[in-house]
file work.txt (compact mmCIF, C-alpha atoms and all ligand atoms)
# COMPACT_ATOMS: atom_id res chain seq x y z
CA MET A 1 19.94 27.34 3.05
CA PHE A 2 17.37 27.90 5.78
CA ASP A 3 14.95 29.50 3.29
CA HIS A 4 15.25 26.54 0.92
CA ALA A 5 11.78 25.14 0.16
CA GLU A 6 12.96 21.62 1.01
CA TYR A 7 14.90 22.53 4.20
CA ARG A 8 11.74 22.36 6.30
CA ASP A 9 12.46 20.73 9.62
CA HIS A 10 15.98 19.37 8.99
CA GLU A 11 18.21 19.00 12.05
CA SER A 12 21.48 19.64 10.22
CA VAL A 13 23.18 19.73 6.85
CA HIS A 14 26.93 19.14 6.49
CA ALA A 15 29.17 20.11 3.56
CA PHE A 16 32.53 18.41 2.99
CA HIS A 17 35.44 18.85 0.59
CA ASP A 18 38.52 16.66 0.10
CA ALA A 19 41.43 18.57 -1.41
CA ALA A 20 43.30 15.43 -2.52
CA THR A 21 40.53 13.95 -4.70
CA GLY A 22 38.45 17.09 -5.23
CA LEU A 23 35.40 15.24 -3.87
CA ARG A 24 32.57 17.39 -2.54
CA ALA A 25 29.69 15.93 -0.54
CA LEU A 26 26.58 16.93 1.36
CA ILE A 27 25.13 14.95 4.26
CA ALA A 28 21.64 15.96 5.40
CA ILE A 29 20.20 14.75 8.68
CA HIS A 30 16.46 15.29 8.67
CA SER A 31 15.54 13.64 11.95
CA THR A 32 17.08 11.59 14.74
CA ARG A 33 13.91 11.58 16.85
CA LEU A 34 13.33 7.86 16.29
CA GLY A 35 17.05 6.95 16.28
CA PRO A 36 20.23 7.61 14.27
CA ALA A 37 19.58 8.92 10.75
CA LEU A 38 19.93 6.11 8.22
CA GLY A 39 19.95 6.67 4.45
CA GLY A 40 22.06 5.78 1.43
CA CYS A 41 24.86 7.60 -0.33
CA ARG A 42 24.14 8.77 -3.89
CA LEU A 43 26.93 9.53 -6.36
CA TRP A 44 25.58 11.72 -9.13
CA HIS A 45 26.77 14.36 -11.55
CA TYR A 46 24.70 17.44 -10.72
CA GLU A 47 24.66 20.21 -13.28
CA HIS A 48 24.39 22.83 -10.53
CA GLU A 49 25.49 22.63 -6.90
CA ALA A 50 22.00 23.83 -5.92
CA ASP A 51 20.51 20.69 -7.49
CA ALA A 52 22.61 18.54 -5.15
CA LEU A 53 21.29 20.46 -2.14
CA THR A 54 17.68 20.06 -3.28
CA ASP A 55 18.25 16.36 -3.90
CA VAL A 56 19.85 15.61 -0.53
CA LEU A 57 17.16 17.54 1.38
CA ARG A 58 14.29 15.81 -0.43
CA LEU A 59 15.92 12.41 -0.06
CA SER A 60 16.78 12.74 3.64
CA ARG A 61 13.24 13.80 4.58
CA GLY A 62 11.99 10.89 2.47
CA MET A 63 14.19 8.56 4.55
CA SER A 64 12.61 9.82 7.78
CA LEU A 65 9.17 9.06 6.37
CA LYS A 66 10.31 5.68 5.00
CA ASN A 67 11.98 4.53 8.21
CA ALA A 68 9.05 5.65 10.36
CA MET A 69 6.54 3.90 8.09
CA ALA A 70 8.62 0.71 8.19
CA ASP A 71 8.45 0.77 12.02
CA LEU A 72 12.24 0.98 12.28
CA PRO A 73 13.90 2.52 15.36
CA ILE A 74 15.88 4.91 13.18
CA GLY A 75 15.66 8.43 11.80
CA GLY A 76 16.26 9.79 8.32
CA GLY A 77 19.28 11.22 6.52
CA LYS A 78 21.04 11.00 3.18
CA ALA A 79 24.39 11.74 1.55
CA VAL A 80 25.12 12.94 -1.97
CA LEU A 81 28.56 12.92 -3.53
CA LEU A 82 28.95 15.45 -6.34
CA GLY A 83 30.36 13.41 -9.22
CA PRO A 84 31.92 12.51 -11.41
CA VAL A 85 34.69 10.69 -9.55
CA ALA A 86 37.59 9.50 -11.72
CA PRO A 87 37.97 5.69 -11.54
CA GLU A 88 41.56 6.01 -10.22
CA ALA A 89 40.37 8.35 -7.41
CA ARG A 90 37.34 6.27 -6.43
CA ARG A 91 38.93 4.39 -3.53
CA ASP A 92 40.40 7.57 -1.97
CA ALA A 93 37.11 9.40 -2.48
CA PHE A 94 35.19 6.74 -0.55
CA LEU A 95 37.85 6.68 2.18
CA ALA A 96 37.34 10.45 2.56
CA PHE A 97 33.58 9.94 2.63
CA GLY A 98 34.02 7.26 5.32
CA SER A 99 35.94 9.72 7.49
CA TRP A 100 33.20 12.33 7.06
CA VAL A 101 30.51 9.83 8.08
CA ASP A 102 32.63 8.86 11.09
CA SER A 103 33.08 12.51 12.09
CA LEU A 104 29.32 12.69 12.69
CA GLY A 105 29.74 10.16 15.48
CA GLY A 106 26.91 7.83 14.45
CA ARG A 107 24.21 10.49 13.99
CA TYR A 108 24.26 9.47 10.31
CA GLN A 109 24.55 5.88 9.03
CA THR A 110 25.22 5.28 5.36
CA ALA A 111 24.70 2.53 2.73
CA GLU A 112 24.46 2.23 -1.07
CA ASP A 113 22.20 4.27 -3.32
CA VAL A 114 22.20 5.23 -7.00
CA GLY A 115 25.78 5.31 -8.30
CA THR A 116 27.37 3.47 -5.37
CA SER A 117 27.95 -0.22 -4.73
CA VAL A 118 28.72 -2.86 -2.10
CA ALA A 119 32.42 -2.50 -3.05
CA ASP A 120 32.29 1.25 -2.32
CA MET A 121 30.69 0.61 1.07
CA GLN A 122 33.45 -1.91 1.88
CA VAL A 123 35.91 0.98 1.38
CA VAL A 124 33.79 3.29 3.56
CA ALA A 125 33.88 0.59 6.27
CA GLU A 126 37.66 1.01 6.49
CA ARG A 127 37.01 4.43 8.05
CA THR A 128 33.75 4.04 9.95
CA ARG A 129 31.51 1.42 11.49
CA HIS A 130 28.44 3.52 10.66
CA VAL A 131 27.88 1.84 7.29
CA GLY A 132 25.62 -0.97 6.08
CA GLY A 133 24.97 -2.82 2.84
CA LEU A 134 28.31 -4.61 3.21
CA ALA A 135 29.11 -7.91 1.52
CA ALA A 136 27.13 -10.76 3.05
CA GLY A 137 27.23 -14.53 2.66
CA SER A 138 24.22 -16.17 1.08
CA GLY A 139 21.42 -16.80 3.56
CA THR A 140 22.67 -14.07 5.93
CA VAL A 141 21.35 -10.56 6.54
CA GLY A 142 23.01 -7.69 4.69
CA GLY A 143 24.67 -7.22 1.33
CA ASP A 144 23.26 -5.35 -1.64
CA PRO A 145 19.87 -3.96 -0.54
CA SER A 146 18.46 -3.96 -4.10
CA PRO A 147 16.96 -7.49 -4.13
CA PHE A 148 15.22 -6.70 -0.82
CA THR A 149 13.91 -3.44 -2.27
CA ALA A 150 12.65 -5.31 -5.33
CA LEU A 151 10.89 -7.87 -3.11
CA GLY A 152 9.13 -5.06 -1.21
CA VAL A 153 8.06 -3.44 -4.49
CA LEU A 154 6.68 -6.79 -5.61
CA ARG A 155 4.62 -6.98 -2.38
CA GLY A 156 3.42 -3.43 -3.04
CA ILE A 157 2.41 -4.22 -6.61
CA GLU A 158 0.49 -7.27 -5.37
CA ALA A 159 -1.35 -5.09 -2.81
CA ALA A 160 -2.15 -2.38 -5.39
CA VAL A 161 -3.36 -4.87 -8.00
CA ARG A 162 -5.59 -6.51 -5.39
CA ALA A 163 -7.00 -3.14 -4.28
CA LYS A 164 -7.50 -1.57 -7.70
CA LEU A 165 -7.98 -4.45 -10.15
CA LYS A 166 -9.44 -6.96 -7.67
CA CYS A 167 -6.87 -9.56 -8.79
CA ASP A 168 -5.19 -11.90 -6.31
CA SER A 169 -2.53 -12.99 -8.77
CA LEU A 170 -0.05 -11.21 -11.03
CA ASP A 171 -0.47 -13.85 -13.72
CA GLY A 172 -1.09 -12.00 -16.99
CA ILE A 173 -0.86 -8.55 -15.35
CA ARG A 174 1.02 -6.09 -17.61
CA VAL A 175 3.74 -4.11 -15.83
CA ALA A 176 5.71 -1.29 -17.45
CA VAL A 177 9.10 -0.97 -15.74
CA GLN A 178 11.10 2.26 -16.16
CA GLY A 179 14.77 1.69 -15.23
CA LEU A 180 16.54 -1.67 -15.35
CA GLY A 181 19.31 -1.03 -12.84
CA HIS A 182 19.88 -2.90 -9.60
CA VAL A 183 16.27 -2.85 -8.41
CA GLY A 184 14.59 -2.88 -11.84
CA GLN A 185 16.30 -6.09 -12.95
CA TYR A 186 15.50 -7.97 -9.73
CA LEU A 187 11.92 -6.72 -9.92
CA CYS A 188 11.56 -7.99 -13.50
CA ALA A 189 12.78 -11.42 -12.37
CA GLU A 190 10.24 -11.54 -9.52
CA LEU A 191 7.38 -10.33 -11.73
CA SER A 192 8.23 -12.70 -14.54
CA ALA A 193 8.33 -15.65 -12.12
CA ARG A 194 4.72 -14.80 -11.21
CA GLY A 195 3.51 -14.71 -14.82
CA ALA A 196 3.40 -10.91 -15.25
CA ARG A 197 3.92 -9.53 -18.78
CA LEU A 198 6.66 -6.92 -18.96
CA VAL A 199 7.20 -3.75 -20.99
CA VAL A 200 10.60 -2.34 -20.11
CA SER A 201 12.80 0.66 -20.75
CA ASP A 202 16.24 1.96 -19.88
CA VAL A 203 18.54 4.58 -21.36
CA ASP A 204 21.15 1.78 -21.52
CA PRO A 205 20.18 -0.48 -24.48
CA ALA A 206 22.32 -3.37 -23.17
CA ARG A 207 20.19 -3.57 -20.01
CA VAL A 208 17.01 -3.60 -22.09
CA ARG A 209 18.37 -6.39 -24.28
CA LYS A 210 19.35 -8.48 -21.26
CA VAL A 211 15.92 -8.21 -19.60
CA CYS A 212 14.06 -8.84 -22.87
CA GLU A 213 16.12 -11.97 -23.52
CA SER A 214 15.83 -13.26 -19.93
CA PHE A 215 12.15 -12.62 -19.32
CA GLY A 216 10.51 -12.22 -22.72
CA ALA A 217 9.88 -8.53 -21.99
CA VAL A 218 8.85 -6.08 -24.72
CA PRO A 219 11.15 -3.05 -25.10
CA GLU A 220 9.84 0.52 -25.02
CA SER A 221 11.72 3.76 -25.64
CA PRO A 222 12.65 5.91 -22.60
CA ASP A 223 10.47 8.81 -23.78
CA ARG A 224 7.36 6.59 -24.14
CA ILE A 225 7.56 4.24 -21.16
CA LEU A 226 5.62 6.57 -18.84
CA ALA A 227 2.72 6.56 -21.30
CA ALA A 228 2.84 2.80 -21.98
CA GLU A 229 -0.51 1.00 -21.87
CA ALA A 230 -0.35 -1.45 -18.97
CA ASP A 231 -1.97 -2.39 -15.65
CA VAL A 232 0.91 -1.09 -13.54
CA LEU A 233 3.66 1.48 -14.08
CA ALA A 234 6.74 0.77 -11.94
CA PRO A 235 9.12 3.76 -11.96
CA CYS A 236 12.54 2.35 -10.99
CA ALA A 237 14.89 5.01 -12.39
CA LEU A 238 15.13 8.51 -10.97
CA GLY A 239 12.78 10.78 -9.01
CA ALA A 240 10.30 13.51 -10.01
CA VAL A 241 8.93 11.52 -12.96
CA LEU A 242 5.27 12.18 -12.06
CA ASN A 243 4.30 15.72 -13.02
CA ARG A 244 1.22 17.31 -14.61
CA ARG A 245 2.36 16.40 -18.14
CA THR A 246 3.31 12.77 -17.45
CA ILE A 247 0.29 12.14 -15.22
CA THR A 248 -2.04 13.41 -17.92
CA ALA A 249 -0.44 10.98 -20.39
CA LEU A 250 -0.58 7.91 -18.07
CA ARG A 251 -2.40 4.84 -19.43
CA VAL A 252 -2.28 2.73 -16.26
CA PRO A 253 -4.65 2.38 -13.27
CA VAL A 254 -1.75 1.77 -10.83
CA VAL A 255 1.67 3.40 -10.22
CA ALA A 256 3.88 1.32 -7.92
CA GLY A 257 7.66 1.37 -8.21
CA ALA A 258 10.97 1.74 -6.40
CA ALA A 259 12.21 5.21 -7.34
CA ASN A 260 12.54 7.72 -4.51
CA ASN A 261 10.59 11.00 -4.72
CA GLN A 262 8.47 10.02 -7.71
CA LEU A 263 6.07 12.96 -7.25
CA ALA A 264 7.56 16.09 -8.85
CA ASP A 265 5.64 18.39 -6.52
CA GLY A 266 2.76 18.65 -4.05
CA ASN A 267 0.16 18.73 -6.83
CA ALA A 268 1.21 15.45 -8.42
CA GLY A 269 -0.29 13.25 -5.68
CA ARG A 270 -3.58 15.13 -5.83
CA LEU A 271 -3.68 14.89 -9.61
CA LEU A 272 -3.14 11.12 -9.53
CA HIS A 273 -5.95 10.83 -6.98
CA GLU A 274 -8.30 12.97 -9.09
CA ARG A 275 -7.56 10.87 -12.17
CA GLY A 276 -8.34 7.67 -10.26
CA VAL A 277 -4.79 6.31 -10.51
CA LEU A 278 -3.83 4.30 -7.42
CA TYR A 279 -0.37 5.46 -6.33
CA ALA A 280 1.71 3.37 -3.90
CA PRO A 281 3.68 6.05 -1.97
CA ASP A 282 7.36 5.53 -2.79
CA PHE A 283 8.58 5.77 0.79
CA VAL A 284 6.27 2.92 1.80
CA ILE A 285 6.74 0.53 -1.12
CA ASN A 286 10.53 0.87 -1.45
CA ALA A 287 11.45 0.20 2.20
CA GLY A 288 12.72 -3.37 1.63
CA GLY A 289 16.33 -2.28 1.23
CA VAL A 290 16.45 -0.16 4.36
CA ILE A 291 14.72 -2.92 6.33
CA SER A 292 17.63 -5.18 5.34
CA VAL A 293 20.33 -2.58 6.08
CA ALA A 294 18.81 -1.70 9.47
CA ALA A 295 18.70 -5.39 10.43
CA GLU A 296 22.31 -5.83 9.31
CA GLN A 297 23.47 -2.89 11.40
CA ALA A 298 21.45 -3.98 14.41
CA GLY A 299 23.20 -7.35 14.08
CA GLU A 300 20.21 -9.16 15.49
CA SER A 301 17.65 -10.16 12.90
CA SER A 302 17.50 -13.41 10.97
CA LEU A 303 16.97 -13.44 7.21
CA GLU A 304 13.51 -14.96 7.83
CA GLN A 305 12.66 -12.00 10.07
CA VAL A 306 13.81 -9.53 7.40
CA LEU A 307 11.68 -11.24 4.76
CA ALA A 308 8.69 -11.26 7.13
CA ASP A 309 9.16 -7.52 7.77
CA ILE A 310 9.28 -6.89 4.03
CA ASP A 311 6.07 -8.89 3.54
CA ARG A 312 4.35 -6.38 5.86
CA ILE A 313 4.68 -3.71 3.14
CA ASP A 314 1.60 -5.36 1.60
CA THR A 315 -0.53 -4.85 4.74
CA ARG A 316 0.79 -1.33 5.29
CA LEU A 317 -0.12 -0.25 1.76
CA THR A 318 -3.51 -1.95 1.93
CA GLU A 319 -4.32 0.09 5.06
CA ILE A 320 -3.16 3.31 3.35
CA PHE A 321 -5.25 2.56 0.26
CA GLU A 322 -8.34 1.91 2.40
CA ARG A 323 -7.88 5.03 4.49
CA ALA A 324 -7.27 7.21 1.42
CA ASN A 325 -10.46 5.82 -0.08
CA GLN A 326 -12.53 6.44 3.05
CA GLU A 327 -11.18 9.96 3.55
CA ASN A 328 -11.13 10.83 -0.17
CA ARG A 329 -7.51 11.98 0.15
CA SER A 330 -4.45 11.06 -1.87
CA THR A 331 -2.47 8.03 -0.73
CA GLY A 332 0.72 10.12 -0.44
CA VAL A 333 -0.88 12.62 1.95
CA VAL A 334 -2.36 9.84 4.08
CA ALA A 335 1.00 8.02 4.30
CA GLU A 336 2.89 11.22 5.12
CA ASP A 337 0.42 12.02 7.92
CA ILE A 338 0.96 8.59 9.48
CA ALA A 339 4.75 8.87 9.24
CA MET A 340 4.97 12.44 10.56
CA THR A 341 2.70 11.56 13.50
CA ARG A 342 5.07 8.73 14.42
CA ILE A 343 8.14 10.97 14.07
CA ARG A 344 6.65 13.76 16.19
CA ALA A 345 5.67 11.22 18.85
CA GLY A 346 9.27 10.00 19.00
CA LYS A 347 11.51 11.42 21.68
CA ALA A 348 13.88 14.19 20.66
CA SER A 349 17.24 12.46 20.46
CA THR A 350 19.30 12.98 23.60
CA ASN A 351 21.89 10.43 22.55
CA ALA A 352 22.07 10.73 18.80
CA VAL A 353 25.28 8.71 18.64
CA ALA A 354 23.43 5.50 19.50
CA THR A 355 24.07 2.85 16.89
CA PRO A 356 21.02 1.13 15.37
CA ALA A 357 21.94 -1.92 17.45
CA ARG A 358 21.63 0.07 20.64
CA ALA A 359 18.58 1.92 19.35
CA ALA A 360 16.93 -1.38 18.46
CA ALA A 361 17.73 -2.76 21.89
CA HIS A 362 15.98 0.25 23.41
CA ALA A 363 12.97 0.12 21.07
P1 LIG A 401 20.46 2.09 -10.58
O1 LIG A 401 21.29 3.30 -10.81
O2 LIG A 401 21.11 0.77 -10.45
O3 LIG A 401 19.38 1.96 -11.76
C1 LIG A 401 18.71 3.04 -12.32
C2 LIG A 401 18.47 2.67 -13.80
O4 LIG A 401 17.63 3.65 -14.38
C3 LIG A 401 19.76 2.64 -14.63
O5 LIG A 401 19.83 1.42 -15.35
C4 LIG A 401 19.61 3.84 -15.56
O6 LIG A 401 20.23 3.64 -16.81
C5 LIG A 401 18.11 3.91 -15.69
N1 LIG A 401 17.58 5.18 -16.14
C6 LIG A 401 17.98 6.44 -15.81
N2 LIG A 401 17.22 7.35 -16.45
C7 LIG A 401 16.30 6.66 -17.15
C8 LIG A 401 15.21 7.04 -17.99
N3 LIG A 401 14.92 8.32 -18.22
N4 LIG A 401 14.47 6.07 -18.57
C9 LIG A 401 14.75 4.78 -18.35
N5 LIG A 401 15.76 4.35 -17.55
C10 LIG A 401 16.52 5.29 -16.96
O7 LIG A 401 19.56 2.42 -9.30
P2 LIG A 401 18.76 1.40 -8.38
O8 LIG A 401 19.57 1.08 -7.19
O9 LIG A 401 18.18 0.32 -9.20
O10 LIG A 401 17.56 2.35 -7.85
C11 LIG A 401 16.49 2.70 -8.69
C12 LIG A 401 15.60 3.70 -7.96
O11 LIG A 401 15.09 3.12 -6.77
C13 LIG A 401 16.30 4.99 -7.51
O12 LIG A 401 15.41 6.06 -7.58
C14 LIG A 401 16.66 4.72 -6.08
O13 LIG A 401 16.80 5.91 -5.32
C15 LIG A 401 15.46 3.92 -5.64
N6 LIG A 401 15.73 3.05 -4.52
C16 LIG A 401 16.72 2.11 -4.59
C17 LIG A 401 16.96 1.28 -3.52
C18 LIG A 401 17.98 0.18 -3.59
O14 LIG A 401 17.95 -0.71 -2.74
N7 LIG A 401 18.86 0.17 -4.58
C19 LIG A 401 16.21 1.42 -2.26
C20 LIG A 401 15.14 2.39 -2.32
C21 LIG A 401 14.94 3.19 -3.40

call {"tool": "encode", "arguments": {"input": "work.txt", "output": "structure tokens", "more": "lines below"}}
Ligand code: NAI
result
Amino acid sequence: MFDHAEYRDHESVHAFHDAATGLRALIAIHSTRLGPALGGCRLWHYEHEADALTDVLRLSRGMSLKNAMADLPIGGGKAVLLGPVAPEARRDAFLAFGSWVDSLGGRYQTAEDVGTSVADMQVVAERTRHVGGLAAGSGTVGGDPSPFTALGVLRGIEAAVRAKLKCDSLDGIRVAVQGLGHVGQYLCAELSARGARLVVSDVDPARVRKVCESFGAVPESPDRILAAEADVLAPCALGAVLNRRTITALRVPVVAGAANNQLADGNAGRLLHERGVLYAPDFVINAGGVISVAAEQAGESSLEQVLADIDRIDTRLTEIFERANQENRSTGVVAEDIAMTRIRAGKASTNAVATPARAAAHA
């Protein structure tokens, strides 16, 4: 564990098992220096247990970077549930998960991620108050974070298109979207409303059909979408999609999408930079969802405030693009430097059980 390449500076990693449902879970807390560790709960079928550990460690560190970059008074953590979970055991599995989250006393706060839903988080809320992304009425803060994530990605695409293509509008801009799940579908709706032309792909043909019918998108096969000719590639499926092979095959000047951990390794960011592809660091562009969840848990912000905070993703990325250009460094390295400087400057947590509401009040 401690020698794991992704362990780095994690504060703690917790392993849980529920005998009744057979559920196994890992919760990784990367940092509570800026506040309680907030990050979603992923339900995924991992071929090997070791893959789940790698995933949770990479994701939790990514949450620290994301939350710091979004100026939130919270740290970074993540949970992975090792699926599959039988439909009849789902409720009990999420009750067990809720108890595990609660046992950490607020050091870790959960919400939805890939494979989990608002309904699952409602079940988690029966066992702990350290959960966000709960059902919300229209016009109020909270609920499914995906539309907020999609809105942030839209702002990021606008910033990247302005910086790289010198275009102030998305009208006529061609965007290739990989993954038409929660975020991908909302993103397609936002892009289409602004006149963008869409090329889309998903391993689920029904999702592709729906988006093509709704927005006049052109379908592409999952094994060709990363090499589609377009102005922007928006990866909105799973992580590690940008490696030497896929980067060499790219036919876009901009990569800007929602997926977490898009860079397969440390070389990928450098390679994108060398090839002149403008990359919007994932942990900056996809912060819209966590901005919404953090506001919901703080119980203070208005919807207008949340939307204004999400709009700032544009400015943040523009600054990163400019700095990367001036310093001739990759955008990912520049963004990570900014985030890690903020985290290190944060106080070591003496009261890690503070809720985001209390943390926000102290910020
Ligand atoms: P989701 O599970 O609803 O959607 C993912 C979609 O990708 C599914 O439709 C799936 O069929 C598709 N897919 C999987 N492999 C594919 C492939 N090889 N080619 C094409 N499509 C493929 O997940 P969601 O919530 O939309 O998240 C998407 C990404 O954004 C994930 O990486 C997630 O971690 C990240 N993210 C999501 C946030 C949210 O608010 N939901 C917040 C921040 C990041």

call {"tool": "residues_near_ligand", "arguments": {"input": "work.txt", "ligand": "ligand LIG 401 (chain A)", "cutoff": "9 Å", "atoms": "all atoms listed in the file", "output": "CSV table (one decimal) with C-alpha atoms, keeping the file's coordinate frame"}}
result
chain,number,residue,atom,x,y,z
A,40,GLY,CA,22.1,5.8,1.4
A,42,ARG,CA,24.1,8.8,-3.9
A,59,LEU,CA,15.9,12.4,-0.1
A,112,GLU,CA,24.5,2.2,-1.1
A,113,ASP,CA,22.2,4.3,-3.3
A,114,VAL,CA,22.2,5.2,-7.0
A,115,GLY,CA,25.8,5.3,-8.3
A,116,THR,CA,27.4,3.5,-5.4
A,117,SER,CA,28.0,-0.2,-4.7
A,144,ASP,CA,23.3,-5.4,-1.6
A,145,PRO,CA,19.9,-4.0,-0.5
A,146,SER,CA,18.5,-4.0,-4.1
A,147,PRO,CA,17.0,-7.5,-4.1
A,148,PHE,CA,15.2,-6.7,-0.8
A,149,THR,CA,13.9,-3.4,-2.3
A,150,ALA,CA,12.6,-5.3,-5.3
A,177,VAL,CA,9.1,-1.0,-15.7
A,178,GLN,CA,11.1,2.3,-16.2
A,179,GLY,CA,14.8,1.7,-15.2
A,180,LEU,CA,16.5,-1.7,-15.4
A,181,GLY,CA,19.3,-1.0,-12.8
A,182,HIS,CA,19.9,-2.9,-9.6
A,183,VAL,CA,16.3,-2.8,-8.4
A,184,GLY,CA,14.6,-2.9,-11.8
A,185,GLN,CA,16.3,-6.1,-13.0
A,186,TYR,CA,15.5,-8.0,-9.7
A,200,VAL,CA,10.6,-2.3,-20.1
A,201,SER,CA,12.8,0.7,-20.8
A,202,ASP,CA,16.2,2.0,-19.9
A,203,VAL,CA,18.5,4.6,-21.4
A,204,ASP,CA,21.2,1.8,-21.5
A,205,PRO,CA,20.2,-0.5,-24.5
A,207,ARG,CA,20.2,-3.6,-20.0
A,208,VAL,CA,17.0,-3.6,-22.1
A,221,SER,CA,11.7,3.8,-25.6
A,222,PRO,CA,12.6,5.9,-22.6
A,223,ASP,CA,10.5,8.8,-23.8
A,225,ILE,CA,7.6,4.2,-21.2
A,226,LEU,CA,5.6,6.6,-18.8
A,235,PRO,CA,9.1,3.8,-12.0
A,236,CYS,CA,12.5,2.4,-11.0
A,237,ALA,CA,14.9,5.0,-12.4
A,238,LEU,CA,15.1,8.5,-11.0
A,239,GLY,CA,12.8,10.8,-9.0
A,241,VAL,CA,8.9,11.5,-13.0
A,257,GLY,CA,7.7,1.4,-8.2
A,258,ALA,CA,11.0,1.7,-6.4
A,259,ALA,CA,12.2,5.2,-7.3
A,260,ASN,CA,12.5,7.7,-4.5
A,261,ASN,CA,10.6,11.0,-4.7
A,262,GLN,CA,8.5,10.0,-7.7
A,282,ASP,CA,7.4,5.5,-2.8
A,283,PHE,CA,8.6,5.8,0.8
A,285,ILE,CA,6.7,0.5,-1.1
A,286,ASN,CA,10.5,0.9,-1.4
A,287,ALA,CA,11.4,0.2,2.2
A,288,GLY,CA,12.7,-3.4,1.6
A,289,GLY,CA,16.3,-2.3,1.2
A,290,VAL,CA,16.4,-0.2,4.4

call {"tool": "residues_around", "arguments": {"input": "work.txt", "residues": "Leu43 in chain A", "least_positions_apart": "2", "cutoff": "12 Å", "atoms": "all atoms listed in the file", "output": "ChimeraX atom specification"}}
result
/A:23-26,40-41,45-46,52,55-56,78-86,90,93-94,97,111-117,120

call {"tool": "atom_distance", "arguments": {"input": "work.txt", "atom1": "CA of Val13 in chain A", "atom2": "CA of Arg344 in chain A"}}
result
19.9 Å

call {"tool": "closest_residue", "arguments": {"input": "work.txt", "among": "A:Asp18, A:Glu304, A:Glu88, A:Glu49", "to": "Gly139 in chain A", "atoms": "all atoms listed in the file"}}
result
A:Glu304

call {"tool": "atom_distance", "arguments": {"input": "work.txt", "atom1": "CA of Ala119 in chain A", "atom2": "CA of Ala15 in chain A"}}
result
23.8 Å

call {"tool": "build_atoms", "arguments": {"input": "work.txt", "residues": "range 3-18 of chain A", "atoms": "N, CA and C atoms", "output": "short mmCIF file (atom, residue, chain, number, x, y, z; two decimals), keeping the file's coordinate frame"}}
result
data_model
loop_
_atom_site.label_atom_id
_atom_site.label_comp_id
_atom_site.auth_asym_id
_atom_site.auth_seq_id
_atom_site.Cartn_x
_atom_site.Cartn_y
_atom_site.Cartn_z
N ASP A 3 16.15 29.10 4.03
CA ASP A 3 14.95 29.50 3.29
C ASP A 3 14.60 28.49 2.19
N HIS A 4 15.47 27.51 1.98
CA HIS A 4 15.25 26.54 0.92
C HIS A 4 13.90 25.84 1.13
N ALA A 5 13.13 25.72 0.03
CA ALA A 5 11.78 25.14 0.16
C ALA A 5 11.81 23.74 0.75
N GLU A 6 12.90 23.00 0.52
CA GLU A 6 12.96 21.62 1.01
C GLU A 6 13.66 21.51 2.37
N TYR A 7 14.16 22.62 2.93
CA TYR A 7 14.90 22.53 4.20
C TYR A 7 13.96 22.07 5.31
N ARG A 8 12.79 22.66 5.33
CA ARG A 8 11.74 22.36 6.30
C ARG A 8 12.31 22.14 7.69
N ASP A 9 12.07 20.95 8.23
CA ASP A 9 12.46 20.73 9.62
C ASP A 9 13.75 19.91 9.75
N HIS A 10 14.72 20.11 8.87
CA HIS A 10 15.98 19.37 8.99
C HIS A 10 16.72 19.73 10.29
N GLU A 11 17.39 18.72 10.86
CA GLU A 11 18.21 19.00 12.05
C GLU A 11 19.54 19.62 11.67
N SER A 12 20.18 19.08 10.62
CA SER A 12 21.48 19.64 10.22
C SER A 12 21.83 19.23 8.80
N VAL A 13 22.66 20.05 8.18
CA VAL A 13 23.18 19.73 6.85
C VAL A 13 24.68 20.01 6.89
N HIS A 14 25.47 19.04 6.39
CA HIS A 14 26.93 19.14 6.49
C HIS A 14 27.54 19.14 5.09
N ALA A 15 28.49 20.05 4.86
CA ALA A 15 29.17 20.11 3.56
C ALA A 15 30.63 19.73 3.76
N PHE A 16 31.15 18.89 2.86
CA PHE A 16 32.53 18.41 2.99
C PHE A 16 33.27 18.59 1.66
N HIS A 17 34.59 18.77 1.78
CA HIS A 17 35.44 18.85 0.59
C HIS A 17 36.77 18.16 0.89
N ASP A 18 37.23 17.33 -0.05
CA ASP A 18 38.52 16.66 0.10
C ASP A 18 39.48 17.22 -0.95
#
